[in-house]
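This is protein-v9.txt. It holds compact mmCIF, C-alpha atoms.
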# COMPACT_ATOMS: atom_id res chain seq x y z
CA SER A 1 274.24 138.25 242.25
CA LEU A 2 272.80 136.44 245.29
CA SER A 3 273.60 132.99 243.95
CA ASP A 4 275.06 130.45 246.37
CA ASN A 5 274.88 132.81 249.36
CA ASP A 6 273.42 130.42 251.94
CA LEU A 7 270.15 132.38 251.90
CA SER A 8 267.08 130.82 253.54
CA GLY A 9 263.41 131.66 254.03
CA LEU A 10 260.87 133.05 251.59
CA ILE A 11 261.40 135.18 248.49
CA PRO A 12 260.05 138.68 249.29
CA GLY A 13 257.98 138.96 246.13
CA GLY A 14 256.10 142.14 246.99
CA GLU A 15 259.25 144.09 247.77
CA LEU A 16 261.24 142.81 244.80
CA GLY A 17 258.27 143.18 242.48
CA SER A 18 258.00 146.88 243.30
CA LEU A 19 261.48 147.61 241.92
CA PRO A 20 260.90 149.00 238.40
CA TYR A 21 264.55 148.63 237.36
CA LEU A 22 265.01 145.05 238.53
CA HIS A 23 265.92 143.11 235.41
CA TYR A 24 268.19 140.33 236.66
CA LEU A 25 267.45 138.24 239.73
CA TYR A 26 269.85 135.45 240.62
CA LEU A 27 268.80 133.46 243.70
CA ASP A 28 269.97 130.01 242.66
CA ALA A 29 271.81 127.50 244.88
CA ASN A 30 270.44 128.73 248.21
CA HIS A 31 268.01 127.28 250.77
CA LEU A 32 264.88 129.20 249.81
CA VAL A 33 261.49 127.67 250.60
CA GLY A 34 257.85 128.48 249.99
CA PRO A 35 256.23 129.48 246.70
CA LEU A 36 257.46 131.42 243.73
CA PRO A 37 255.72 134.71 244.59
CA SER A 38 253.18 135.92 242.05
CA GLN A 39 253.74 139.46 243.40
CA LEU A 40 257.12 139.46 241.70
CA ALA A 41 255.24 140.22 238.48
CA GLN A 42 253.29 143.31 239.52
CA THR A 43 251.55 145.15 236.71
CA GLY A 44 253.64 148.06 235.50
CA ARG A 45 256.50 147.32 237.89
CA SER A 46 259.57 145.08 237.59
CA GLN A 47 260.35 143.76 234.14
CA ILE A 48 262.63 140.82 234.76
CA LEU A 49 264.75 139.54 231.90
CA GLU A 50 266.51 136.74 233.77
CA LEU A 51 265.23 134.79 236.78
CA TRP A 52 267.43 132.08 238.26
CA VAL A 53 265.93 130.19 241.21
CA GLN A 54 267.19 126.67 240.51
CA ASP A 55 268.68 124.48 243.25
CA ASN A 56 266.49 125.61 246.14
CA ALA A 57 263.50 124.03 247.92
CA LEU A 58 260.73 126.17 246.43
CA SER A 59 257.28 124.59 246.26
CA GLY A 60 253.88 125.16 244.67
CA THR A 61 253.33 126.05 241.03
CA VAL A 62 254.85 128.56 238.64
CA PRO A 63 252.60 131.66 238.69
CA ALA A 64 250.76 132.51 235.49
CA THR A 65 251.53 136.18 236.23
CA TYR A 66 255.12 135.57 235.15
CA SER A 67 253.88 135.83 231.57
CA ARG A 68 253.87 139.59 232.27
CA PHE A 69 257.64 139.44 231.94
CA TYR A 70 257.23 139.85 228.22
CA GLN A 71 260.99 140.17 227.61
CA LEU A 72 261.95 137.24 229.86
CA HIS A 73 264.58 135.16 228.10
CA ASP A 74 266.16 133.13 230.94
CA LEU A 75 264.06 131.21 233.48
CA TYR A 76 265.76 128.46 235.48
CA ILE A 77 263.62 126.67 238.07
CA ASP A 78 264.96 123.10 238.03
CA ASN A 79 265.84 121.11 241.15
CA ASN A 80 263.14 122.56 243.40
CA LYS A 81 259.85 121.09 244.63
CA LEU A 82 257.60 122.76 242.10
CA THR A 83 254.59 120.90 240.75
CA GLY A 84 251.86 121.29 238.15
CA ALA A 85 252.08 122.47 234.57
CA LEU A 86 254.01 125.46 233.35
CA PRO A 87 251.92 128.42 232.12
CA PRO A 88 251.90 127.99 228.31
CA ASP A 89 252.58 131.69 227.74
CA LEU A 90 256.02 131.23 229.31
CA CYS A 91 257.00 128.52 226.85
CA SER A 92 258.25 130.68 224.00
CA PRO A 93 260.97 129.73 221.48
CA GLN A 94 263.19 132.40 223.05
CA ILE A 95 263.09 130.99 226.58
CA ASN A 96 266.53 129.76 227.69
CA GLU A 97 267.61 129.90 224.07
CA ASP A 98 271.14 130.89 225.07
CA PHE A 99 271.45 127.66 227.08
CA TYR A 100 270.94 125.61 223.92
CA ALA A 101 272.86 127.88 221.57
CA GLY A 102 276.07 125.90 221.96
CA SER A 103 274.49 122.52 221.23
CA ASN A 104 276.34 120.40 218.67
CA ASP A 105 273.02 118.93 217.58
CA ASN A 106 271.61 121.34 215.00
CA SER A 107 268.22 119.67 215.17
CA ALA A 108 267.95 120.06 218.94
CA ASP A 109 266.74 123.64 218.83
CA SER A 110 264.06 123.07 216.19
CA ASN A 111 262.73 119.95 217.90
CA ARG A 112 262.82 120.94 221.53
CA ASN A 113 259.67 121.32 223.59
CA HIS A 114 259.75 124.90 224.84
CA CYS A 115 258.08 124.11 228.18
CA ASP A 116 260.61 121.32 228.72
CA SER A 117 263.27 123.93 227.97
CA ILE A 118 262.32 125.50 231.30
CA ALA A 119 261.88 122.30 233.31
CA CYS A 120 261.21 118.64 232.63
CA PRO A 121 257.65 117.61 233.63
CA ALA A 122 256.79 115.24 236.47
CA GLY A 123 257.73 111.63 235.84
CA THR A 124 260.77 112.55 233.76
CA THR A 125 264.37 113.49 234.36
CA SER A 126 267.49 114.78 232.63
CA PRO A 127 271.04 115.67 233.70
CA GLU A 128 270.15 119.38 233.82
CA GLY A 129 266.45 119.04 234.71
CA MET A 130 265.63 120.54 231.30
CA TYR A 131 265.14 119.40 227.70
CA PRO A 132 265.84 116.74 226.52
CA CYS A 133 263.76 114.89 229.13
CA GLU A 134 263.60 111.13 229.61
CA GLN A 135 260.59 109.24 230.96
CA CYS A 136 261.15 107.45 234.26
CA PRO A 137 260.31 103.74 233.95
CA GLY A 138 257.24 102.53 235.80
CA GLY A 139 254.34 104.51 234.32
CA GLU A 140 252.06 106.28 236.79
CA GLY A 141 253.95 104.78 239.74
CA ALA A 142 257.11 106.54 238.57
CA ARG A 143 255.20 109.80 238.22
CA ILE A 144 254.06 109.54 241.85
CA LYS A 145 257.64 109.01 243.01
CA ASN A 146 258.99 111.77 240.76
CA ARG A 147 256.42 114.51 241.24
CA TYR A 148 258.52 117.60 240.79
CA LEU A 149 259.32 119.72 237.77
CA GLY A 150 262.93 119.89 236.67
CA HIS A 151 264.16 116.71 238.32
CA ASN A 152 267.80 116.05 237.54
CA GLY A 153 269.83 112.92 238.06
CA LYS A 154 268.42 109.44 238.43
CA CYS A 155 264.71 108.75 238.72
CA THR A 156 263.61 108.22 242.32
CA ASP A 157 262.67 104.64 243.12
CA TYR A 158 263.62 104.09 246.77
CA THR A 159 262.41 101.12 248.80
CA GLN A 160 260.94 101.61 252.27
CA ARG A 161 264.18 100.35 253.80
CA GLU A 162 266.27 102.82 251.82
CA ILE A 163 264.02 105.70 252.92
CA LEU A 164 264.28 104.65 256.56
CA GLU A 165 268.06 104.33 256.24
CA MET A 166 268.15 107.94 255.01
CA PHE A 167 266.01 108.96 257.99
CA HIS A 168 268.33 107.12 260.37
CA GLU A 169 271.45 108.70 258.88
CA ALA A 170 269.90 112.19 259.00
CA THR A 171 268.86 111.87 262.67
CA THR A 172 272.06 110.40 264.14
CA LYS A 173 274.26 113.44 263.45
CA GLY A 174 274.99 113.78 267.17
CA GLY A 175 275.46 110.09 267.83
CA PRO A 176 273.25 107.02 268.21
CA TRP A 177 269.68 107.20 269.44
CA ASN A 178 268.82 106.45 273.04
CA GLY A 179 267.51 102.95 273.67
CA GLU A 180 267.39 100.20 271.12
CA ASP A 181 268.61 101.26 267.69
CA ASP A 182 268.18 98.43 265.21
CA TRP A 183 267.52 100.48 262.08
CA GLY A 184 270.92 99.57 260.72
CA ASP A 185 270.34 95.84 261.13
CA LYS A 186 269.70 94.54 257.62
CA THR A 187 268.76 91.11 258.97
CA LYS A 188 265.57 92.55 260.48
CA SER A 189 262.49 93.25 258.43
CA VAL A 190 261.40 96.86 258.18
CA CYS A 191 258.18 96.12 260.04
CA SER A 192 260.03 94.63 263.02
CA MET A 193 262.32 97.61 263.58
CA THR A 194 261.93 99.69 266.74
CA GLY A 195 259.27 102.39 266.48
CA ILE A 196 257.80 101.07 263.23
CA THR A 197 254.23 99.86 262.70
CA CYS A 198 253.09 98.37 259.39
CA ASP A 199 249.72 97.45 257.95
CA ALA A 200 248.73 94.00 256.70
CA GLN A 201 250.49 94.67 253.38
CA ASP A 202 253.78 95.63 255.12
CA HIS A 203 253.41 99.34 254.34
CA VAL A 204 254.94 101.58 257.01
CA ILE A 205 252.04 103.47 258.62
CA LYS A 206 253.57 104.66 261.92
CA ILE A 207 256.95 105.93 263.06
CA VAL A 208 257.07 106.68 266.80
CA LEU A 209 260.46 107.76 268.16
CA LYS A 210 259.51 110.04 271.05
CA ASN A 211 262.38 111.16 273.34
CA ARG A 212 265.02 109.02 271.63
CA ARG A 213 267.76 111.68 271.27
CA LEU A 214 267.32 112.15 267.55
CA GLN A 215 269.69 114.89 266.36
CA GLY A 216 269.82 116.32 262.87
CA HIS A 217 266.87 116.85 260.52
CA ILE A 218 263.96 115.01 258.95
CA PRO A 219 264.92 114.20 255.34
CA ASP A 220 262.63 115.06 252.45
CA GLU A 221 262.51 111.41 251.36
CA ILE A 222 260.19 110.60 254.30
CA GLY A 223 257.42 111.94 252.06
CA LEU A 224 257.87 108.92 249.79
CA LEU A 225 256.28 106.70 252.47
CA SER A 226 252.85 107.13 250.90
CA PHE A 227 251.00 105.11 253.56
CA LEU A 228 252.55 106.87 256.58
CA GLU A 229 249.78 108.03 258.94
CA VAL A 230 251.64 108.85 262.16
CA LEU A 231 255.02 110.49 262.69
CA ASP A 232 255.91 111.18 266.31
CA VAL A 233 259.46 112.44 266.84
CA SER A 234 258.61 114.72 269.76
CA ASP A 235 261.06 115.60 272.56
CA ASN A 236 264.23 115.21 270.53
CA ALA A 237 266.82 117.66 269.18
CA LEU A 238 265.81 117.93 265.54
CA MET A 239 266.37 121.15 263.62
CA GLY A 240 265.52 122.66 260.24
CA TYR A 241 262.34 122.94 258.20
CA VAL A 242 259.45 120.50 258.26
CA PRO A 243 259.67 118.68 254.90
CA GLY A 244 256.97 119.82 252.52
CA ASP A 245 257.08 116.31 251.06
CA LEU A 246 255.00 115.11 254.01
CA GLN A 247 252.01 116.37 252.02
CA TRP A 248 252.34 113.24 249.85
CA THR A 249 251.88 110.85 252.78
CA SER A 250 248.59 109.75 254.40
CA MET A 251 249.41 111.75 257.54
CA LYS A 252 246.80 111.84 260.30
CA ARG A 253 249.02 112.78 263.26
CA LEU A 254 252.29 114.68 263.20
CA ASP A 255 254.05 115.48 266.49
CA LEU A 256 257.25 117.50 266.28
CA SER A 257 256.91 119.23 269.64
CA GLY A 258 259.89 119.55 271.93
CA ASN A 259 262.44 119.97 269.14
CA LYS A 260 264.46 122.95 267.97
For the structure just supplied, provide its representation as structure tokens.
Amino acid sequence: SLSDNDLSGLIPGGELGSLPYLHYLYLDANHLVGPLPSQLAQTGRSQILELWVQDNALSGTVPATYSRFYQLHDLYIDNNKLTGALPPDLCSPQINEDFYAGSNDNSADSNRNHCDSIACPAGTTSPEGMYPCEQCPGGEGARIKNRYLGHNGKCTDYTQREILEMFHEATTKGGPWNGEDDWGDKTKSVCSMTGITCDAQDHVIKIVLKNRRLQGHIPDEIGLLSFLEVLDVSDNALMGYVPGDLQWTSMKRLDLSGNK
């Protein structure tokens, strides 16, 4: 098992998919990014029975080629950044059946949605990220804020201030920023904070913090600032991956140069 091994990077789908005797692949609870590789399901090659990739940062959609795993009985993908609909051919009554076998509710198995048994759809949540799934309140707005399959825990509904507080906390790991740092001042409006520009409706559209001694990482939640057009955090000491969640903003200019 490679579960919880502090692994990072991409899943080498071509290499793993060429292994004809690979039946069990446990990669959960790591730091894997990028897509679920379609090459994992090469014709006539690996015949995976169990695939655990939950609790990573994988993005994109679930490949339709995974329906080639005709004996697949365990598929756990929750708590990633996967979007779209699950391939219907994956949603069989047998999928993750062992997970529900111990349920005290005898009606749960007969009533459960088999796609939800793999991962709850966008706009919903559950404690395990799987059936039974609960709608997040707020209609289409909640779906925009909770875009990913298999979301577990509370529905996301952060305010702009809360998102910026997360950004501030994540980028002061080595101490306070250089110059004025008023992001922790709750008496100031968001739009009057240093480095922030808002539009006429008080939506944050620019964050410019060039050469301010930011240390740490850019948190994923920055992607929830839907109106953000400019992010300039150049010439700092930031590390880690560029959040894929930035794709959900209105980004026109992104400057991360001069970081680590």
Kindly indicate which residue among A:Leu36, A:Ile144, A:Ala170, A:Leu149 lies nearest to Tyr131 in chain A, using all atoms listed in the file for the distances.
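Among A:Leu36, A:Ile144, A:Ala170, A:Leu149, it is A:Leu149 that comes nearest to Tyr131 in chain A.
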Quick one: residues within 8 Å of Glu221 in chain A, all atoms listed in the file, excluding same-chain residues fewer than 6 positions away - as number ranges by chain?
A: 163, 166-167, 245
Polymer residues at most 8 Å from range 124-129 of chain A, only C-alpha atoms, same-chain spacing of 3 or more positions, as a compact mmCIF listing (two decimals) with C-alpha atoms, in the frame of the given file:
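Final file, part.txt:
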# COMPACT_ATOMS: atom_id res chain seq x y z
CA ASP A 78 264.96 123.10 238.03
CA ASN A 79 265.84 121.11 241.15
CA ALA A 119 261.88 122.30 233.31
CA CYS A 120 261.21 118.64 232.63
CA PRO A 121 257.65 117.61 233.63
CA PRO A 132 265.84 116.74 226.52
CA CYS A 133 263.76 114.89 229.13
CA GLU A 134 263.60 111.13 229.61
CA GLN A 135 260.59 109.24 230.96
CA CYS A 136 261.15 107.45 234.26
CA ARG A 143 255.20 109.80 238.22
CA ASN A 146 258.99 111.77 240.76
CA LEU A 149 259.32 119.72 237.77
CA GLY A 150 262.93 119.89 236.67
CA HIS A 151 264.16 116.71 238.32
CA ASN A 152 267.80 116.05 237.54
CA GLY A 153 269.83 112.92 238.06
CA LYS A 154 268.42 109.44 238.43
CA CYS A 155 264.71 108.75 238.72
Please provide the set of residues having any atom within 7 Å of Gly14 in chain A, restricted to all atoms listed in the file, with same-chain residues fewer than 3 positions apart removed, written as number ranges by chain.
A: 17-18, 39-40
C-alpha atoms of the current selection, written as an mmCIF file, keeping the file's coordinate frame:
data_model
loop_
_atom_site.group_PDB
_atom_site.id
_atom_site.type_symbol
_atom_site.label_atom_id
_atom_site.label_comp_id
_atom_site.auth_asym_id
_atom_site.auth_seq_id
_atom_site.Cartn_x
_atom_site.Cartn_y
_atom_site.Cartn_z
ATOM 1 C CA GLY A 17 258.270 143.180 242.480
ATOM 2 C CA SER A 18 258.000 146.880 243.300
ATOM 3 C CA GLN A 39 253.740 139.460 243.400
ATOM 4 C CA LEU A 40 257.120 139.460 241.700
#
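With only C-alpha atoms as the atoms that count, the minimum distance from Ile95 in chain A to the choices A:Asn80, A:Thr156, A:Gln47, A:Ser117 is reached by A:Ser117.
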Please determine, counting all atoms listed in the file, which residue among A:Asn178, A:Thr197, A:Thr83, A:Asn113 has the shortest atom-to-atom distance to Asn96 in chain A.
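Under the stated criterion, the closest residue is A:Asn113.
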I'd like the neighbourhood of Glu180 in chain A as a ChimeraX atom specification, where a residue qualifies if any of its atoms comes within 10 Å (using all atoms listed in the file), though same-chain residues fewer than 6 positions away should be ignored.
/A:193-195,212
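Straight-line separation from CA of Asn236 in chain A to CA of Gly258 in chain A: 6.3 Å.
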Do you have the CA of Val204 in chain A-CA of Lys260 in chain A distance handy?
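We find that CA of Val204 in chain A and CA of Lys260 in chain A lie 25.8 Å from each other.
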Skip Asn211 in chain A itself and residues of its chain fewer than 5 positions away, then list as a VMD selection string all residues within 10 Å of it, counting all atoms listed in the file.
chain A and resid 177 to 179 232 to 237 258 to 259
Answer as JSON, numbers by chain, residues within 8 Å of (257.3, 149.7, 237.3) using only C-alpha atoms
{"A": [18, 19, 20, 21, 42, 43, 44, 45, 46, 47]}
Taking only C-alpha atoms into account, name the residue in A:Ala122, A:Cys91, A:Leu58, A:Ile205 that is nearest to Asp74 in chain A.
A:Cys91
Length of the CA of Gly139 in chain A to CA of Leu86 in chain A vector [Å]:
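CA of Leu86 in chain A lies at a distance of 21.0 Å from CA of Gly139 in chain A.
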From the list A:Gln215, A:Ser59, A:Gln201, A:Thr249, which residue is nearest Lys145 in chain A when using all atoms listed in the file?
A:Thr249
Between A:His217, A:Ala200, A:Val190, A:Leu209, which one has atoms that come closest to Gly174 in chain A, using only C-alpha atoms?
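Closest candidate: A:His217.
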